[in-house]
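Asker: Take a look at the following structure, please.
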Amino acid sequence: VGAFAHPCDAGTYYIRLHGAPRIYFSAYDDVFIDAVAGHIRAARAQRRQVWCIFDNTVRGEAVPNALTLMQQLSREVAGAEHDAGKAPA
């Protein structure tokens with residue numbers, strides 16, 4: 001992911017994903033998207049704004065890849081909200 005991530009400034013983290021191995025055509029697998037989610041979590045922990053662009057659009061792979069990433073990140077938020085609602089032990 002690092003090769004595709006571009007720290008724009010101290011407050012912004014920009015990830016642009018063109019598809020691999022075939023640029024603009026190939027979908028990313030779940031392992032790679034998990035790694036992207038990890039980078040996004042780390043940037044958010046640093047209170048940075050994150051932009052992630054999927055540009056693997058020739059075969060329409062960008063939308064499913066983006067939805068997978070969104071699902072992974074929303075599970076994290078849902079889990080945090082659930083944990084926040086628990087009474088202290």
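Order determines the names: the first chain of the structure tokens is A, the second B, and so forth; residues in each chain are numbered 1 upward, and ligands are numbered 1 upward as they are shown.
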Please provide as a list in words all residues within 9 Å of Met70 in chain A, with the sequence filter that same-chain residues fewer than 5 positions apart are discarded (counting only C-alpha atoms).

Answerer: Ala37, Asn65 and Arg75 of chain A

Asker: Let's have the selection written as an mmCIF file, in the first residue's frame, with C-alpha atoms.

Answerer:
data_model
loop_
_atom_site.group_PDB
_atom_site.id
_atom_site.type_symbol
_atom_site.label_atom_id
_atom_site.label_comp_id
_atom_site.auth_asym_id
_atom_site.auth_seq_id
_atom_site.Cartn_x
_atom_site.Cartn_y
_atom_site.Cartn_z
ATOM 1 C CA ALA A 37 -7.839 -0.481 5.954
ATOM 2 C CA ASN A 65 -13.300 -2.840 -3.926
ATOM 3 C CA ARG A 75 -17.281 -2.868 11.194
#

Asker: Per DSSP on the backbone, filter range 16-78 of chain A down to the residues in strand (DSSP E or B) and report them as number ranges by chain.

Answerer: A: 16-17, 49-54

Asker: Using N, CA and C atoms, can you write the selected residues to a file as a PDB file, in the first residue's frame?

Answerer:
ATOM      1  N   ARG A  16      -4.184   6.316  -3.674  1.00  0.00           N
ATOM      2  CA  ARG A  16      -4.767   6.162  -5.015  1.00  0.00           C
ATOM      3  C   ARG A  16      -4.391   4.777  -5.530  1.00  0.00           C
ATOM      4  N   LEU A  17      -5.403   3.979  -5.846  1.00  0.00           N
ATOM      5  CA  LEU A  17      -5.211   2.587  -6.221  1.00  0.00           C
ATOM      6  C   LEU A  17      -5.695   2.362  -7.647  1.00  0.00           C
ATOM      7  N   GLN A  49      -6.983  13.454   7.910  1.00  0.00           N
ATOM      8  CA  GLN A  49      -8.062  13.258   6.953  1.00  0.00           C
ATOM      9  C   GLN A  49      -7.545  12.274   5.904  1.00  0.00           C
ATOM     10  N   VAL A  50      -8.379  11.285   5.537  1.00  0.00           N
ATOM     11  CA  VAL A  50      -7.947  10.253   4.595  1.00  0.00           C
ATOM     12  C   VAL A  50      -8.803  10.299   3.335  1.00  0.00           C
ATOM     13  N   TRP A  51      -8.139  10.250   2.199  1.00  0.00           N
ATOM     14  CA  TRP A  51      -8.780  10.120   0.898  1.00  0.00           C
ATOM     15  C   TRP A  51      -8.262   8.829   0.280  1.00  0.00           C
ATOM     16  N   CYS A  52      -9.170   7.966  -0.168  1.00  0.00           N
ATOM     17  CA  CYS A  52      -8.777   6.727  -0.834  1.00  0.00           C
ATOM     18  C   CYS A  52      -9.557   6.643  -2.143  1.00  0.00           C
ATOM     19  N   ILE A  53      -8.838   6.631  -3.239  1.00  0.00           N
ATOM     20  CA  ILE A  53      -9.436   6.615  -4.569  1.00  0.00           C
ATOM     21  C   ILE A  53      -9.106   5.282  -5.244  1.00  0.00           C
ATOM     22  N   PHE A  54     -10.132   4.561  -5.660  1.00  0.00           N
ATOM     23  CA  PHE A  54      -9.944   3.357  -6.475  1.00  0.00           C
ATOM     24  C   PHE A  54     -10.118   3.768  -7.933  1.00  0.00           C
TER      25      PHE A  54
END

Asker: For Asp55 in chain A, which residue out of A:Ala20, A:Asp30, A:Leu73, A:Val36 is the nearest one, using only C-alpha atoms?

Answerer: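 Looking at the shortest contact to Asp55 in chain A, the residue is A:Ala20.
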
Asker: So that I can check the surroundings of Val31 in chain A, please list as a list of chain:residue names every protein, DNA and RNA residue that reaches within 12 Å of it, counting only C-alpha atoms and ignoring chain neighbours fewer than 6 positions away.

Answerer: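 Non-adjacent residues within range: A:Val1, A:Ala37, A:Gly38, A:Asn65, A:Thr68, A:Leu69, A:Gln72.
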
Asker: Check the smallest atom-to-atom distance from each of A:Asp29, A:Asp34, A:His39, A:Tyr24 to Asn56 in chain A using only C-alpha atoms, then report the winner.

Answerer: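 Residue with the minimum atom-to-atom distance to Asn56 in chain A: A:Tyr24.
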
Asker: Pick the closest to Arg44 in chain A from A:Ser26, A:Ser74, A:Thr57, A:Thr12: which is it, counting only C-alpha atoms?

Answerer: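 Ranking A:Ser26, A:Ser74, A:Thr57, A:Thr12 by distance to Arg44 in chain A, first place goes to A:Thr12.
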
Asker: Point out the residue among A:Arg48, A:Gln71, A:Val63, A:Arg22 with the least atom-to-atom distance to Cys8 in chain A, counting only C-alpha atoms.

Answerer: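 Using only C-alpha atoms, Cys8 in chain A sits closest to A:Arg48.
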
Asker: Mind giving me the straight-line distance from CA of Arg47 in chain A to CA of Pro64 in chain A in Å, one decimal?

Answerer: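 Between these atoms lies a distance of 26.8 Å.
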
Asker: If you measure from CA of Ile40 in chain A to CA of Phe25 in chain A, what distance in Å do you get, rounded to one decimal?

Answerer: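 It comes out at 23.3 Å.
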
Asker: Between CA of Leu67 in chain A and CA of Pro21 in chain A, what distance in Å does the model show, to one decimal?

Answerer: 20.1 Å
